[in-house]
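Student: Structure file upload-v1.pdb, PDB, C-alpha atoms and all ligand atoms, is pasted below:
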```
ATOM      1  CA  MET A   3     -80.649 -33.262 -20.274
ATOM      2  CA  PRO A   4     -78.966 -32.894 -16.853
ATOM      3  CA  GLU A   5     -75.598 -31.132 -16.764
ATOM      4  CA  ARG A   6     -72.816 -33.688 -16.735
ATOM      5  CA  PRO A   7     -69.159 -32.712 -16.847
ATOM      6  CA  TYR A   8     -67.321 -33.726 -19.982
ATOM      7  CA  VAL A   9     -64.110 -33.158 -21.893
ATOM      8  CA  ILE A  10     -63.583 -33.197 -25.629
ATOM      9  CA  ASP A  11     -60.901 -35.396 -27.167
ATOM     10  CA  GLU A  12     -59.778 -34.377 -30.636
ATOM     11  CA  MET A  13     -60.761 -36.949 -33.268
ATOM     12  CA  ILE A  14     -60.254 -35.158 -36.612
ATOM     13  CA  SER A  15     -57.983 -32.135 -36.845
ATOM     14  CA  ALA A  16     -58.860 -28.893 -38.647
ATOM     15  CA  LYS A  17     -56.032 -29.642 -41.065
ATOM     16  CA  ALA A  18     -57.362 -33.112 -41.907
ATOM     17  CA  ILE A  19     -60.847 -31.683 -42.480
ATOM     18  CA  ALA A  20     -59.493 -29.010 -44.843
ATOM     19  CA  ALA A  21     -57.503 -31.583 -46.823
ATOM     20  CA  ARG A  22     -60.506 -33.877 -47.147
ATOM     21  CA  ILE A  23     -62.752 -31.021 -48.311
ATOM     22  CA  GLU A  24     -60.223 -30.167 -50.971
ATOM     23  CA  ASP A  25     -60.290 -33.791 -52.243
ATOM     24  CA  LEU A  26     -64.068 -33.941 -52.244
ATOM     25  CA  SER A  27     -64.384 -30.600 -54.009
ATOM     26  CA  HIS A  28     -62.553 -32.009 -57.060
ATOM     27  CA  GLN A  29     -65.084 -34.824 -57.317
ATOM     28  CA  ILE A  30     -68.024 -32.468 -56.878
ATOM     29  CA  ARG A  31     -66.642 -30.026 -59.440
ATOM     30  CA  SER A  32     -66.365 -32.765 -62.043
ATOM     31  CA  GLU A  33     -69.864 -34.103 -61.259
ATOM     32  CA  PHE A  34     -71.402 -30.648 -61.742
ATOM     33  CA  ALA A  35     -69.036 -29.235 -64.360
ATOM     34  CA  GLU A  36     -71.855 -28.838 -66.908
ATOM     35  CA  THR A  37     -74.383 -27.354 -64.466
ATOM     36  CA  ASP A  38     -75.089 -23.659 -64.998
ATOM     37  CA  LYS A  39     -76.233 -22.939 -61.464
ATOM     38  CA  LEU A  40     -75.951 -25.536 -58.732
ATOM     39  CA  VAL A  41     -78.151 -25.117 -55.653
ATOM     40  CA  VAL A  42     -76.143 -26.055 -52.567
ATOM     41  CA  VAL A  43     -78.540 -26.801 -49.698
ATOM     42  CA  GLY A  44     -77.121 -26.748 -46.167
ATOM     43  CA  LEU A  45     -79.009 -28.600 -43.459
ATOM     44  CA  LEU A  46     -79.134 -26.339 -40.440
ATOM     45  CA  ARG A  47     -77.652 -25.955 -38.079
ATOM     46  CA  GLY A  48     -74.848 -28.504 -37.959
ATOM     47  CA  SER A  49     -73.607 -28.030 -41.532
ATOM     48  CA  PHE A  50     -73.021 -24.277 -41.409
ATOM     49  CA  VAL A  51     -69.244 -24.466 -41.010
ATOM     50  CA  PHE A  52     -68.849 -27.353 -43.462
ATOM     51  CA  ILE A  53     -70.916 -25.675 -46.183
ATOM     52  CA  ALA A  54     -68.976 -22.421 -45.746
ATOM     53  CA  ASP A  55     -65.657 -24.199 -46.296
ATOM     54  CA  LEU A  56     -66.982 -26.481 -49.023
ATOM     55  CA  VAL A  57     -68.501 -23.791 -51.261
ATOM     56  CA  ARG A  58     -65.278 -21.807 -51.156
ATOM     57  CA  GLU A  59     -63.530 -24.803 -52.720
ATOM     58  CA  LEU A  60     -66.148 -25.129 -55.470
ATOM     59  CA  ASP A  61     -65.170 -23.122 -58.468
ATOM     60  CA  LEU A  62     -68.697 -23.343 -59.913
ATOM     61  CA  ALA A  63     -71.686 -21.021 -60.282
ATOM     62  CA  ILE A  64     -73.748 -21.801 -57.209
ATOM     63  CA  GLU A  65     -76.643 -20.597 -55.124
ATOM     64  CA  VAL A  66     -76.832 -21.384 -51.424
ATOM     65  CA  ASP A  67     -80.041 -22.216 -49.608
ATOM     66  CA  PHE A  68     -80.824 -23.724 -46.215
ATOM     67  CA  LEU A  69     -83.268 -26.216 -44.795
ATOM     68  CA  GLU A  70     -83.737 -26.955 -41.123
ATOM     69  CA  ALA A  71     -84.958 -30.359 -40.001
ATOM     70  CA  SER A  72     -85.516 -31.280 -36.375
ATOM     71  CA  SER A  73     -83.096 -33.869 -35.078
ATOM     72  CA  TYR A  74     -81.695 -34.490 -31.624
ATOM     73  CA  GLY A  75     -82.962 -31.432 -29.780
ATOM     74  CA  ASP A  76     -80.779 -31.238 -26.694
ATOM     75  CA  ASP A  77     -80.555 -34.980 -26.405
ATOM     76  CA  MET A  78     -77.907 -37.495 -27.527
ATOM     77  CA  GLU A  79     -80.432 -39.729 -29.293
ATOM     78  CA  SER A  80     -82.278 -39.186 -32.554
ATOM     79  CA  SER A  81     -86.008 -38.535 -32.213
ATOM     80  CA  ARG A  82     -86.531 -40.618 -35.402
ATOM     81  CA  GLU A  83     -89.402 -38.339 -36.299
ATOM     82  CA  VAL A  84     -88.210 -35.672 -38.701
ATOM     83  CA  ARG A  85     -89.989 -32.347 -39.044
ATOM     84  CA  ILE A  86     -89.092 -29.457 -41.320
ATOM     85  CA  LEU A  87     -88.565 -26.365 -39.172
ATOM     86  CA  LYS A  88     -87.383 -24.076 -41.962
ATOM     87  CA  ASP A  89     -87.952 -24.691 -45.638
ATOM     88  CA  LEU A  90     -85.904 -23.618 -48.658
ATOM     89  CA  ARG A  91     -86.388 -20.071 -49.948
ATOM     90  CA  GLY A  92     -86.063 -21.024 -53.603
ATOM     91  CA  ALA A  93     -87.682 -23.531 -55.973
ATOM     92  CA  ILE A  94     -85.515 -26.473 -57.079
ATOM     93  CA  GLU A  95     -87.631 -27.937 -59.880
ATOM     94  CA  GLY A  96     -85.381 -28.762 -62.850
ATOM     95  CA  ARG A  97     -82.272 -27.670 -60.938
ATOM     96  CA  ASP A  98     -79.167 -29.568 -59.888
ATOM     97  CA  VAL A  99     -79.035 -29.779 -56.099
ATOM     98  CA  LEU A 100     -76.327 -30.754 -53.632
ATOM     99  CA  VAL A 101     -77.523 -31.412 -50.073
ATOM    100  CA  VAL A 102     -74.869 -30.808 -47.411
ATOM    101  CA  GLU A 103     -75.274 -32.669 -44.106
ATOM    102  CA  ASP A 104     -73.019 -32.726 -41.038
ATOM    103  CA  ILE A 105     -73.526 -36.320 -39.867
ATOM    104  CA  VAL A 106     -75.503 -39.309 -41.058
ATOM    105  CA  ASP A 107     -76.331 -41.305 -37.967
ATOM    106  CA  THR A 108     -79.582 -43.350 -37.950
ATOM    107  CA  GLY A 109     -80.225 -41.979 -41.446
ATOM    108  CA  PHE A 110     -83.750 -40.734 -40.727
ATOM    109  CA  THR A 111     -82.974 -37.065 -41.376
ATOM    110  CA  LEU A 112     -81.268 -37.508 -44.741
ATOM    111  CA  THR A 113     -83.900 -40.020 -45.901
ATOM    112  CA  HIS A 114     -86.700 -37.611 -45.066
ATOM    113  CA  VAL A 115     -84.964 -34.632 -46.683
ATOM    114  CA  ILE A 116     -84.181 -36.554 -49.886
ATOM    115  CA  LYS A 117     -87.787 -37.722 -50.165
ATOM    116  CA  LEU A 118     -89.061 -34.184 -49.681
ATOM    117  CA  LEU A 119     -86.663 -32.619 -52.177
ATOM    118  CA  LYS A 120     -87.196 -35.348 -54.791
ATOM    119  CA  SER A 121     -90.927 -34.631 -54.678
ATOM    120  CA  ARG A 122     -90.033 -31.160 -55.990
ATOM    121  CA  LYS A 123     -88.498 -32.703 -59.119
ATOM    122  CA  PRO A 124     -84.927 -31.458 -59.205
ATOM    123  CA  ALA A 125     -82.927 -32.423 -62.323
ATOM    124  CA  ARG A 126     -80.241 -34.081 -60.189
ATOM    125  CA  LEU A 127     -79.998 -34.519 -56.425
ATOM    126  CA  ARG A 128     -76.730 -35.468 -54.753
ATOM    127  CA  THR A 129     -75.758 -35.577 -51.098
ATOM    128  CA  ILE A 130     -72.584 -35.029 -49.131
ATOM    129  CA  ALA A 131     -72.035 -35.646 -45.426
ATOM    130  CA  LEU A 132     -68.940 -34.642 -43.521
ATOM    131  CA  LEU A 133     -69.286 -37.582 -41.128
ATOM    132  CA  ASP A 134     -70.891 -40.985 -41.360
ATOM    133  CA  LYS A 135     -71.552 -43.381 -38.487
ATOM    134  CA  PRO A 136     -72.435 -46.536 -40.465
ATOM    135  CA  THR A 137     -72.806 -48.748 -37.391
ATOM    136  CA  ARG A 138     -75.690 -46.593 -36.152
ATOM    137  CA  ARG A 139     -77.742 -46.822 -39.317
ATOM    138  CA  GLU A 140     -81.434 -47.742 -39.009
ATOM    139  CA  VAL A 141     -82.518 -46.786 -42.533
ATOM    140  CA  ASP A 142     -80.665 -47.913 -45.634
ATOM    141  CA  ILE A 143     -79.173 -44.663 -46.896
ATOM    142  CA  ARG A 144     -75.717 -43.445 -47.810
ATOM    143  CA  ALA A 145     -74.571 -40.017 -48.890
ATOM    144  CA  ASP A 146     -72.953 -39.803 -52.344
ATOM    145  CA  TRP A 147     -69.816 -38.307 -50.806
ATOM    146  CA  ILE A 148     -68.582 -38.786 -47.257
ATOM    147  CA  GLY A 149     -65.795 -36.906 -45.522
ATOM    148  CA  PHE A 150     -64.985 -39.424 -42.787
ATOM    149  CA  GLU A 151     -66.474 -42.625 -41.461
ATOM    150  CA  ILE A 152     -66.405 -42.564 -37.676
ATOM    151  CA  PRO A 153     -67.240 -45.053 -34.928
ATOM    152  CA  ASP A 154     -70.287 -44.783 -32.682
ATOM    153  CA  GLU A 155     -69.121 -41.791 -30.646
ATOM    154  CA  PHE A 156     -70.929 -38.557 -29.866
ATOM    155  CA  VAL A 157     -68.968 -35.799 -31.571
ATOM    156  CA  VAL A 158     -68.916 -32.009 -31.485
ATOM    157  CA  GLY A 159     -67.141 -29.125 -33.177
ATOM    158  CA  TYR A 160     -66.833 -27.745 -36.703
ATOM    159  CA  GLY A 161     -70.503 -26.703 -36.549
ATOM    160  CA  ILE A 162     -71.745 -29.735 -34.625
ATOM    161  CA  ASP A 163     -73.175 -29.262 -31.141
ATOM    162  CA  PHE A 164     -73.939 -30.964 -27.894
ATOM    163  CA  ALA A 165     -77.020 -29.202 -26.494
ATOM    164  CA  GLN A 166     -76.069 -26.133 -28.583
ATOM    165  CA  ARG A 167     -72.524 -25.984 -27.267
ATOM    166  CA  ASN A 168     -69.111 -26.510 -28.892
ATOM    167  CA  ARG A 169     -70.151 -25.649 -32.460
ATOM    168  CA  ASN A 170     -67.270 -23.187 -32.679
ATOM    169  CA  LEU A 171     -64.429 -25.668 -32.171
ATOM    170  CA  PRO A 172     -62.275 -25.758 -35.324
ATOM    171  CA  PHE A 173     -61.860 -29.570 -35.141
ATOM    172  CA  ILE A 174     -64.120 -32.598 -34.586
ATOM    173  CA  GLY A 175     -63.842 -33.986 -31.094
ATOM    174  CA  LYS A 176     -65.553 -36.730 -29.164
ATOM    175  CA  VAL A 177     -67.422 -36.100 -25.954
ATOM    176  CA  ARG A 178     -66.089 -37.975 -22.936
ATOM    177  CA  PHE A 179     -68.013 -37.734 -19.679
ATOM    178  CA  THR A 180     -65.859 -37.410 -16.600
ATOM    179  CA  ASP A 181     -68.356 -37.943 -13.777
ATOM    180  CA  GLU A 182     -68.867 -41.110 -11.741
ATOM    181  CA  ALA A 183     -71.621 -42.424 -14.043
ATOM    182  CA  ALA A 184     -69.107 -42.596 -16.902
ATOM    183  CA  LYS A 185     -66.646 -44.772 -14.944
TER     184      LYS A 185
HETATM  185  P1  LIG B   1     -79.977 -39.046 -38.072
HETATM  186  O1  LIG B   1     -81.334 -38.608 -38.502
HETATM  187  O2  LIG B   1     -80.022 -39.983 -36.908
HETATM  188  O3  LIG B   1     -79.119 -39.562 -39.198
HETATM  189  O4  LIG B   1     -79.282 -37.804 -37.429
HETATM  190  C1  LIG B   1     -78.703 -36.796 -38.120
HETATM  191  C2  LIG B   1     -78.515 -35.598 -37.234
HETATM  192  O5  LIG B   1     -78.343 -35.947 -35.858
HETATM  193  C3  LIG B   1     -77.248 -34.870 -37.619
HETATM  194  O6  LIG B   1     -77.506 -33.957 -38.646
HETATM  195  C4  LIG B   1     -76.874 -34.193 -36.323
HETATM  196  O7  LIG B   1     -77.554 -32.977 -36.206
HETATM  197  C5  LIG B   1     -77.366 -35.136 -35.246
HETATM  198  N1  LIG B   1     -76.261 -35.966 -34.750
HETATM  199  C6  LIG B   1     -75.985 -37.257 -35.063
HETATM  200  N2  LIG B   1     -74.884 -37.687 -34.436
HETATM  201  C7  LIG B   1     -74.437 -36.640 -33.707
HETATM  202  C8  LIG B   1     -73.285 -36.446 -32.861
HETATM  203  O8  LIG B   1     -72.435 -37.336 -32.653
HETATM  204  N3  LIG B   1     -73.158 -35.210 -32.325
HETATM  205  C9  LIG B   1     -74.049 -34.204 -32.535
HETATM  206  N4  LIG B   1     -75.123 -34.331 -33.322
HETATM  207  C10 LIG B   1     -75.313 -35.541 -33.907
END
```
Written as structure tokens, how would this file's structure read?
Tutor:
Amino acid sequence: MPERPYVIDEMISAKAIAARIEDLSHQIRSEFAETDKLVVVGLLRGSFVFIADLVRELDLAIEVDFLEASSYGDDMESSREVRILKDLRGAIEGRDVLVVEDIVDTGFTLTHVIKLLKSRKPARLRTIALLDKPTRREVDIRADWIGFEIPDEFVVGYGIDFAQRNRNLPFIGKVRFTDEAAK
């Protein structure tokens, strides 16, 4: 994608994210209270900050694993074709699994990942997404827990990138182009 100048406008503060994760962690703890070892699966790379904060709020016996599915590449549009670039290290058959996603947009990625993981026969499979853009949905899917519903804006920060940049911002911000084409 050609370089276009942009600024980032804060949309969700670091404080609001932390408070929401604390709320969600209570619900997740009660859902999995009886589980002896929950497998928390982070979808790379966008969920790496979210999963790090989330697991530290979960006072449960957990294992962490990662799965990488192809998504946007360097583009701002979903490719709609999902490929697994890195698979889990461990088996999940008979286990309770929580999939952690950064954003559900068209829904293709989460749908594909759920189908794949269900084929491995976990005991229970639940999903959590930090952000949800319901107006962009093309496949009928919803995560079991959602941090924030957001409008159709391209966002970055808190692990989420634009062409691999801005993952290290502590908040979620929206990308606003500042060149002539944006006016
Ligand atoms: P989906 O398959 O269209 O639901 O796309 C999910 C993936 O697209 C997310 O895990 C992100 O990696 C990426 N994505 C969707 N929206 C955005 C965005 O606003 N900023 C950056 N990446 C995004």
Student: Could you give me the residues within 7 Å of ligand LIG 1 (chain B), counting all atoms listed in the file, as an mmCIF file with C-alpha atoms, in the coordinates of the input?
Tutor:
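The result, stored in pocket27.cif:
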```
data_model
loop_
_atom_site.group_PDB
_atom_site.id
_atom_site.type_symbol
_atom_site.label_atom_id
_atom_site.label_comp_id
_atom_site.auth_asym_id
_atom_site.auth_seq_id
_atom_site.Cartn_x
_atom_site.Cartn_y
_atom_site.Cartn_z
ATOM 1 C CA GLY A 48 -74.848 -28.504 -37.959
ATOM 2 C CA SER A 73 -83.096 -33.869 -35.078
ATOM 3 C CA TYR A 74 -81.695 -34.490 -31.624
ATOM 4 C CA SER A 80 -82.278 -39.186 -32.554
ATOM 5 C CA ARG A 82 -86.531 -40.618 -35.402
ATOM 6 C CA GLU A 103 -75.274 -32.669 -44.106
ATOM 7 C CA ASP A 104 -73.019 -32.726 -41.038
ATOM 8 C CA ILE A 105 -73.526 -36.320 -39.867
ATOM 9 C CA VAL A 106 -75.503 -39.309 -41.058
ATOM 10 C CA ASP A 107 -76.331 -41.305 -37.967
ATOM 11 C CA THR A 108 -79.582 -43.350 -37.950
ATOM 12 C CA GLY A 109 -80.225 -41.979 -41.446
ATOM 13 C CA PHE A 110 -83.750 -40.734 -40.727
ATOM 14 C CA THR A 111 -82.974 -37.065 -41.376
ATOM 15 C CA LEU A 112 -81.268 -37.508 -44.741
ATOM 16 C CA GLU A 155 -69.121 -41.791 -30.646
ATOM 17 C CA PHE A 156 -70.929 -38.557 -29.866
ATOM 18 C CA VAL A 157 -68.968 -35.799 -31.571
ATOM 19 C CA VAL A 158 -68.916 -32.009 -31.485
ATOM 20 C CA ILE A 162 -71.745 -29.735 -34.625
ATOM 21 C CA ASP A 163 -73.175 -29.262 -31.141
ATOM 22 C CA PHE A 164 -73.939 -30.964 -27.894
#
```
Student: Measure the distance from atom CA of A:Arg31 to atom CA of A:Ala131 in Å and round it to one decimal.
Tutor: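 One can read the atom CA of A:Arg31 to atom CA of A:Ala131 distance as 16.0 Å.
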Student: One decimal, in Å: what's the spacing between atom CA of A:Leu87 and atom CA of A:Val102?
Tutor: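 Separation of atom CA of A:Leu87 and atom CA of A:Val102: 16.6 Å.
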Student: Quote the spacing between atom CA of A:Phe150 and atom CA of A:Glu24 in Å to one decimal place.
Tutor: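 Atom-to-atom, atom CA of A:Phe150 and atom CA of A:Glu24 are spaced 13.2 Å apart.
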Student: Neighbours of A:Gly149 within 9 Å (all atoms listed in the file; same-chain residues fewer than 3 positions away dropped), as a PDB file with C-alpha atoms, keeping the file's coordinate frame?
Tutor:
```
ATOM      1  CA  ILE A  19     -60.847 -31.683 -42.480  1.00  0.00           C
ATOM      2  CA  ARG A  22     -60.506 -33.877 -47.147  1.00  0.00           C
ATOM      3  CA  ILE A  23     -62.752 -31.021 -48.311  1.00  0.00           C
ATOM      4  CA  LEU A  26     -64.068 -33.941 -52.244  1.00  0.00           C
ATOM      5  CA  ILE A 130     -72.584 -35.029 -49.131  1.00  0.00           C
ATOM      6  CA  ALA A 131     -72.035 -35.646 -45.426  1.00  0.00           C
ATOM      7  CA  LEU A 132     -68.940 -34.642 -43.521  1.00  0.00           C
ATOM      8  CA  LEU A 133     -69.286 -37.582 -41.128  1.00  0.00           C
ATOM      9  CA  ASP A 134     -70.891 -40.985 -41.360  1.00  0.00           C
TER      10      ASP A 134
END
```
Student: Name the closest residue to A:Asp146 among the candidates A:Ala93, A:Ile116, A:Leu62, A:Val84; distances are taken between atoms, counting all atoms listed in the file.
Tutor: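 Under the stated criterion, the closest residue is A:Ile116.
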Student: Looking at A:Tyr160, A:Trp147, A:Lys117, A:Ala20, which one is nearest to A:Glu33, with distances taken over all atoms listed in the file?
Tutor: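 Answer, going by the shortest atom-to-atom distance: A:Trp147.
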Student: With a distance cut-off of 7 Å and all atoms listed in the file, select the neighbouring residues of A:Glu95, excluding the residue or stretch itself and same-chain residues fewer than 6 positions from it, and output the selection as a list in words.
Tutor: Arg122, Lys123, Pro124 and Ala125 of chain A
Student: Nearest to A:Gln29 among A:Glu59, A:Ser15, A:Ser72, A:Asp154, with distances taken over all atoms listed in the file: which residue is it?
Tutor: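 Looking at the shortest contact to A:Gln29, the residue is A:Glu59.
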Student: Name the residues that the PyMOL selection byres (((chain A and resi 13) around 6) and not hetatm) pulls out of this structure, and write them as a PyMOL selection string.
Tutor: chain A and resi 12+14+174-175
Student: Here is a test: counting all atoms listed in the file, which residue of A:Tyr8, A:Phe50, A:Phe34, A:Phe179 is nearest to A:Glu70?
Tutor: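 Ranked by minimum distance to A:Glu70, first place goes to A:Phe50.
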Student: From the options A:Leu127, A:Ala63, A:Val141, A:Val57, which residue's atoms come nearest to A:Ile94, counting only C-alpha atoms?
Tutor: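 The closest residue to A:Ile94 is A:Leu127.
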Student: Could you check the closest approach to A:Val43 for each of A:Glu151, A:Asp181, A:Asp89, A:Glu140 and tell me which residue wins, using all atoms listed in the file?
Tutor: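 Using all atoms listed in the file, the shortest distance to A:Val43 belongs to A:Asp89.
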Student: Evaluate the PyMOL selection byres (((chain A and resi 172) around 6) and not hetatm) on the structure here and hand back the selected residues as a PyMOL selection string.
Tutor: chain A and resi 16+160+171+173
Student: Within 9 Å of (-78.2, -21.4, -41.1), all atoms listed in the file: residues as a PyMOL selection string?
Tutor: chain A and resi 44-50+67-70
Student: Create the file for the chosen residues now, containing C-alpha atoms and written as a compact mmCIF listing (two decimals), in the frame of the given file.
Tutor:
```
# COMPACT_ATOMS: atom_id res chain seq x y z
CA GLY A 44 -77.12 -26.75 -46.17
CA LEU A 45 -79.01 -28.60 -43.46
CA LEU A 46 -79.13 -26.34 -40.44
CA ARG A 47 -77.65 -25.96 -38.08
CA GLY A 48 -74.85 -28.50 -37.96
CA SER A 49 -73.61 -28.03 -41.53
CA PHE A 50 -73.02 -24.28 -41.41
CA ASP A 67 -80.04 -22.22 -49.61
CA PHE A 68 -80.82 -23.72 -46.22
CA LEU A 69 -83.27 -26.22 -44.80
CA GLU A 70 -83.74 -26.96 -41.12
```
Student: Evaluate the PyMOL selection byres (((chain A and resi 180) around 12) and not hetatm) on the structure here and hand back the selected residues as a VMD selection string.
Tutor: chain A and resid 5 to 11 177 to 179 181 to 185
Student: Skip A:Thr113 itself and residues of its chain fewer than 5 positions away, then list as a PDB file with C-alpha atoms, keeping the file's coordinate frame all residues within 9 Å of it, counting all atoms listed in the file.
Tutor:
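This went into selection.pdb:
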```
ATOM      1  CA  LEU A 118     -89.061 -34.184 -49.681  1.00  0.00           C
ATOM      2  CA  VAL A 141     -82.518 -46.786 -42.533  1.00  0.00           C
ATOM      3  CA  ASP A 142     -80.665 -47.913 -45.634  1.00  0.00           C
ATOM      4  CA  ILE A 143     -79.173 -44.663 -46.896  1.00  0.00           C
TER       5      ILE A 143
END
```
